[in-house]
Amino acid sequence: MSRAPSPFWVVKCPDCSGEQTIFSRPSTGVNCSVCGATLATPTGGQAKLRGELVKTIA
């Protein structure tokens, strides 16, 4: 799935497979609320994902 310009993404954690909704342009790193693994890091634009993009939310 390609990264759409949607403001929110549902991302699947690569460590615990939990899903979490995150902002597509975070100003700080985003960690999994279940296991604490890094899901996304800020880049000044769209986040660099470590997890898998499941879907976008308009």
# chains A, B, ... in the order shown; residues from 1 in each chain; ligands from 1

$ residues_around --residues "range 10-18 of chain A" --least-positions-apart "4" --cutoff "12 Å" --atoms "only C-alpha atoms" --output "ChimeraX atom specification"
/A:1,3-4,6,22-24,30-40,47-58

$ select_by_dssp --residues "range 4-55 of chain A" --states "strand (DSSP E or B)" --output "count of residues only"
22

$ residues_around --residues "Gly44 in chain A" --least-positions-apart "4" --cutoff "10 Å" --atoms "only C-alpha atoms" --output "PyMOL selection string"
chain A and resi 25-28+48

$ write_last_selection --atoms "C-alpha atoms" --output "PDB file, in the first residue's frame"
ATOM      1  CA  ARG A  25       3.673  13.890  10.069  1.00  0.00           C
ATOM      2  CA  PRO A  26       4.778  13.458  13.691  1.00  0.00           C
ATOM      3  CA  SER A  27       7.176  15.923  15.320  1.00  0.00           C
ATOM      4  CA  THR A  28       8.540  13.247  17.688  1.00  0.00           C
ATOM      5  CA  LYS A  48       9.569   7.156   8.142  1.00  0.00           C
TER       6      LYS A  48
END

$ decode --residues "range 9-58 of chain A" --atoms "N, CA and C atoms" --output "PDB file, in the first residue's frame"
ATOM      1  N   TRP A   9      -2.570   7.451   9.814  1.00  0.00           N
ATOM      2  CA  TRP A   9      -2.298   6.115   9.310  1.00  0.00           C
ATOM      3  C   TRP A   9      -2.533   5.096  10.406  1.00  0.00           C
ATOM      4  N   VAL A  10      -2.958   3.893  10.022  1.00  0.00           N
ATOM      5  CA  VAL A  10      -2.996   2.759  10.938  1.00  0.00           C
ATOM      6  C   VAL A  10      -1.748   1.944  10.606  1.00  0.00           C
ATOM      7  N   VAL A  11      -0.901   1.763  11.620  1.00  0.00           N
ATOM      8  CA  VAL A  11       0.388   1.097  11.427  1.00  0.00           C
ATOM      9  C   VAL A  11       0.438  -0.167  12.281  1.00  0.00           C
ATOM     10  N   LYS A  12       0.953  -1.247  11.703  1.00  0.00           N
ATOM     11  CA  LYS A  12       1.101  -2.518  12.400  1.00  0.00           C
ATOM     12  C   LYS A  12       2.516  -2.624  12.951  1.00  0.00           C
ATOM     13  N   CYS A  13       2.636  -2.910  14.231  1.00  0.00           N
ATOM     14  CA  CYS A  13       3.942  -3.025  14.888  1.00  0.00           C
ATOM     15  C   CYS A  13       4.690  -4.250  14.363  1.00  0.00           C
ATOM     16  N   PRO A  14       5.966  -4.095  14.009  1.00  0.00           N
ATOM     17  CA  PRO A  14       6.741  -5.233  13.509  1.00  0.00           C
ATOM     18  C   PRO A  14       7.116  -6.229  14.599  1.00  0.00           C
ATOM     19  N   ASP A  15       7.029  -5.821  15.869  1.00  0.00           N
ATOM     20  CA  ASP A  15       7.425  -6.701  16.965  1.00  0.00           C
ATOM     21  C   ASP A  15       6.263  -7.493  17.561  1.00  0.00           C
ATOM     22  N   CYS A  16       5.129  -6.799  17.830  1.00  0.00           N
ATOM     23  CA  CYS A  16       4.018  -7.478  18.509  1.00  0.00           C
ATOM     24  C   CYS A  16       2.777  -7.616  17.638  1.00  0.00           C
ATOM     25  N   SER A  17       2.804  -7.064  16.428  1.00  0.00           N
ATOM     26  CA  SER A  17       1.686  -7.099  15.477  1.00  0.00           C
ATOM     27  C   SER A  17       0.458  -6.317  15.925  1.00  0.00           C
ATOM     28  N   GLY A  18       0.591  -5.497  16.964  1.00  0.00           N
ATOM     29  CA  GLY A  18      -0.506  -4.627  17.379  1.00  0.00           C
ATOM     30  C   GLY A  18      -0.663  -3.493  16.382  1.00  0.00           C
ATOM     31  N   GLU A  19      -1.894  -2.993  16.227  1.00  0.00           N
ATOM     32  CA  GLU A  19      -2.147  -1.888  15.308  1.00  0.00           C
ATOM     33  C   GLU A  19      -2.420  -0.611  16.080  1.00  0.00           C
ATOM     34  N   GLN A  20      -1.936   0.488  15.558  1.00  0.00           N
ATOM     35  CA  GLN A  20      -2.071   1.778  16.227  1.00  0.00           C
ATOM     36  C   GLN A  20      -2.264   2.865  15.180  1.00  0.00           C
ATOM     37  N   THR A  21      -3.140   3.829  15.479  1.00  0.00           N
ATOM     38  CA  THR A  21      -3.353   4.973  14.598  1.00  0.00           C
ATOM     39  C   THR A  21      -2.357   6.060  14.977  1.00  0.00           C
ATOM     40  N   ILE A  22      -1.634   6.577  13.986  1.00  0.00           N
ATOM     41  CA  ILE A  22      -0.638   7.618  14.226  1.00  0.00           C
ATOM     42  C   ILE A  22      -0.844   8.769  13.249  1.00  0.00           C
ATOM     43  N   PHE A  23      -0.308   9.932  13.598  1.00  0.00           N
ATOM     44  CA  PHE A  23      -0.323  11.091  12.715  1.00  0.00           C
ATOM     45  C   PHE A  23       0.748  10.875  11.652  1.00  0.00           C
ATOM     46  N   SER A  24       0.452  11.195  10.395  1.00  0.00           N
ATOM     47  CA  SER A  24       1.386  10.919   9.304  1.00  0.00           C
ATOM     48  C   SER A  24       2.615  11.827   9.297  1.00  0.00           C
ATOM     49  N   ARG A  25       2.541  12.958  10.011  1.00  0.00           N
ATOM     50  CA  ARG A  25       3.673  13.890  10.069  1.00  0.00           C
ATOM     51  C   ARG A  25       4.009  14.208  11.531  1.00  0.00           C
ATOM     52  N   PRO A  26       4.499  13.226  12.268  1.00  0.00           N
ATOM     53  CA  PRO A  26       4.778  13.458  13.691  1.00  0.00           C
ATOM     54  C   PRO A  26       6.010  14.336  13.903  1.00  0.00           C
ATOM     55  N   SER A  27       6.019  15.081  15.003  1.00  0.00           N
ATOM     56  CA  SER A  27       7.176  15.923  15.320  1.00  0.00           C
ATOM     57  C   SER A  27       8.139  15.199  16.261  1.00  0.00           C
ATOM     58  N   THR A  28       7.688  14.077  16.837  1.00  0.00           N
ATOM     59  CA  THR A  28       8.540  13.247  17.688  1.00  0.00           C
ATOM     60  C   THR A  28       8.356  11.790  17.271  1.00  0.00           C
ATOM     61  N   GLY A  29       9.224  10.928  17.727  1.00  0.00           N
ATOM     62  CA  GLY A  29       9.115   9.511  17.424  1.00  0.00           C
ATOM     63  C   GLY A  29       7.834   8.930  17.993  1.00  0.00           C
ATOM     64  N   VAL A  30       7.288   7.913  17.322  1.00  0.00           N
ATOM     65  CA  VAL A  30       6.057   7.271  17.769  1.00  0.00           C
ATOM     66  C   VAL A  30       6.383   5.839  18.158  1.00  0.00           C
ATOM     67  N   ASN A  31       6.008   5.468  19.391  1.00  0.00           N
ATOM     68  CA  ASN A  31       6.259   4.122  19.887  1.00  0.00           C
ATOM     69  C   ASN A  31       4.964   3.338  20.011  1.00  0.00           C
ATOM     70  N   CYS A  32       5.063   2.024  19.894  1.00  0.00           N
ATOM     71  CA  CYS A  32       3.920   1.132  20.041  1.00  0.00           C
ATOM     72  C   CYS A  32       3.382   1.241  21.469  1.00  0.00           C
ATOM     73  N   SER A  33       2.075   1.368  21.592  1.00  0.00           N
ATOM     74  CA  SER A  33       1.468   1.485  22.925  1.00  0.00           C
ATOM     75  C   SER A  33       1.425   0.141  23.647  1.00  0.00           C
ATOM     76  N   VAL A  34       1.660  -0.964  22.936  1.00  0.00           N
ATOM     77  CA  VAL A  34       1.637  -2.289  23.547  1.00  0.00           C
ATOM     78  C   VAL A  34       3.026  -2.700  24.039  1.00  0.00           C
ATOM     79  N   CYS A  35       4.022  -2.678  23.133  1.00  0.00           N
ATOM     80  CA  CYS A  35       5.344  -3.192  23.497  1.00  0.00           C
ATOM     81  C   CYS A  35       6.433  -2.122  23.564  1.00  0.00           C
ATOM     82  N   GLY A  36       6.145  -0.906  23.096  1.00  0.00           N
ATOM     83  CA  GLY A  36       7.118   0.175  23.179  1.00  0.00           C
ATOM     84  C   GLY A  36       8.088   0.265  22.016  1.00  0.00           C
ATOM     85  N   ALA A  37       7.949  -0.599  21.013  1.00  0.00           N
ATOM     86  CA  ALA A  37       8.843  -0.560  19.845  1.00  0.00           C
ATOM     87  C   ALA A  37       8.594   0.708  19.038  1.00  0.00           C
ATOM     88  N   THR A  38       9.604   1.172  18.329  1.00  0.00           N
ATOM     89  CA  THR A  38       9.465   2.352  17.490  1.00  0.00           C
ATOM     90  C   THR A  38       8.652   2.013  16.249  1.00  0.00           C
ATOM     91  N   LEU A  39       7.578   2.793  16.017  1.00  0.00           N
ATOM     92  CA  LEU A  39       6.741   2.594  14.836  1.00  0.00           C
ATOM     93  C   LEU A  39       7.089   3.574  13.728  1.00  0.00           C
ATOM     94  N   ALA A  40       7.421   4.820  14.116  1.00  0.00           N
ATOM     95  CA  ALA A  40       7.697   5.848  13.118  1.00  0.00           C
ATOM     96  C   ALA A  40       8.652   6.880  13.691  1.00  0.00           C
ATOM     97  N   THR A  41       9.474   7.447  12.803  1.00  0.00           N
ATOM     98  CA  THR A  41      10.385   8.513  13.206  1.00  0.00           C
ATOM     99  C   THR A  41      10.109   9.736  12.349  1.00  0.00           C
ATOM    100  N   PRO A  42      10.243  10.939  12.933  1.00  0.00           N
ATOM    101  CA  PRO A  42       9.964  12.159  12.174  1.00  0.00           C
ATOM    102  C   PRO A  42      11.057  12.436  11.146  1.00  0.00           C
ATOM    103  N   THR A  43      10.661  13.071  10.036  1.00  0.00           N
ATOM    104  CA  THR A  43      11.620  13.405   8.984  1.00  0.00           C
ATOM    105  C   THR A  43      11.508  14.859   8.549  1.00  0.00           C
ATOM    106  N   GLY A  44      10.588  15.609   9.132  1.00  0.00           N
ATOM    107  CA  GLY A  44      10.327  16.966   8.692  1.00  0.00           C
ATOM    108  C   GLY A  44       9.175  17.004   7.698  1.00  0.00           C
ATOM    109  N   GLY A  45       8.721  15.840   7.276  1.00  0.00           N
ATOM    110  CA  GLY A  45       7.581  15.676   6.377  1.00  0.00           C
ATOM    111  C   GLY A  45       6.832  14.446   6.835  1.00  0.00           C
ATOM    112  N   GLN A  46       6.495  13.565   5.905  1.00  0.00           N
ATOM    113  CA  GLN A  46       5.834  12.329   6.291  1.00  0.00           C
ATOM    114  C   GLN A  46       6.815  11.452   7.066  1.00  0.00           C
ATOM    115  N   ALA A  47       6.279  10.757   8.046  1.00  0.00           N
ATOM    116  CA  ALA A  47       7.098   9.923   8.920  1.00  0.00           C
ATOM    117  C   ALA A  47       7.762   8.779   8.161  1.00  0.00           C
ATOM    118  N   LYS A  48       8.917   8.358   8.648  1.00  0.00           N
ATOM    119  CA  LYS A  48       9.569   7.156   8.142  1.00  0.00           C
ATOM    120  C   LYS A  48       9.044   6.015   8.999  1.00  0.00           C
ATOM    121  N   LEU A  49       8.368   5.054   8.373  1.00  0.00           N
ATOM    122  CA  LEU A  49       7.759   3.955   9.113  1.00  0.00           C
ATOM    123  C   LEU A  49       8.717   2.795   9.320  1.00  0.00           C
ATOM    124  N   ARG A  50       8.668   2.230  10.502  1.00  0.00           N
ATOM    125  CA  ARG A  50       9.351   0.968  10.766  1.00  0.00           C
ATOM    126  C   ARG A  50       8.321  -0.154  10.706  1.00  0.00           C
ATOM    127  N   GLY A  51       7.089   0.173  11.099  1.00  0.00           N
ATOM    128  CA  GLY A  51       5.994  -0.780  11.032  1.00  0.00           C
ATOM    129  C   GLY A  51       5.377  -0.802   9.645  1.00  0.00           C
ATOM    130  N   GLU A  52       4.364  -1.638   9.472  1.00  0.00           N
ATOM    131  CA  GLU A  52       3.687  -1.786   8.186  1.00  0.00           C
ATOM    132  C   GLU A  52       2.449  -0.903   8.131  1.00  0.00           C
ATOM    133  N   LEU A  53       2.292  -0.161   7.047  1.00  0.00           N
ATOM    134  CA  LEU A  53       1.124   0.681   6.844  1.00  0.00           C
ATOM    135  C   LEU A  53      -0.050  -0.209   6.487  1.00  0.00           C
ATOM    136  N   VAL A  54      -1.087  -0.215   7.354  1.00  0.00           N
ATOM    137  CA  VAL A  54      -2.257  -1.056   7.147  1.00  0.00           C
ATOM    138  C   VAL A  54      -3.312  -0.322   6.333  1.00  0.00           C
ATOM    139  N   LYS A  55      -3.626   0.929   6.732  1.00  0.00           N
ATOM    140  CA  LYS A  55      -4.591   1.730   5.983  1.00  0.00           C
ATOM    141  C   LYS A  55      -4.437   3.190   6.353  1.00  0.00           C
ATOM    142  N   THR A  56      -5.055   4.045   5.540  1.00  0.00           N
ATOM    143  CA  THR A  56      -5.044   5.484   5.808  1.00  0.00           C
ATOM    144  C   THR A  56      -6.436   5.904   6.239  1.00  0.00           C
ATOM    145  N   ILE A  57      -6.499   6.951   7.051  1.00  0.00           N
ATOM    146  CA  ILE A  57      -7.769   7.478   7.550  1.00  0.00           C
ATOM    147  C   ILE A  57      -7.844   8.942   7.156  1.00  0.00           C
ATOM    148  N   ALA A  58      -8.895   9.304   6.460  1.00  0.00           N
ATOM    149  CA  ALA A  58      -9.059  10.687   5.988  1.00  0.00           C
ATOM    150  C   ALA A  58      -9.419  11.619   7.108  1.00  0.00           C
TER     151      ALA A  58
END
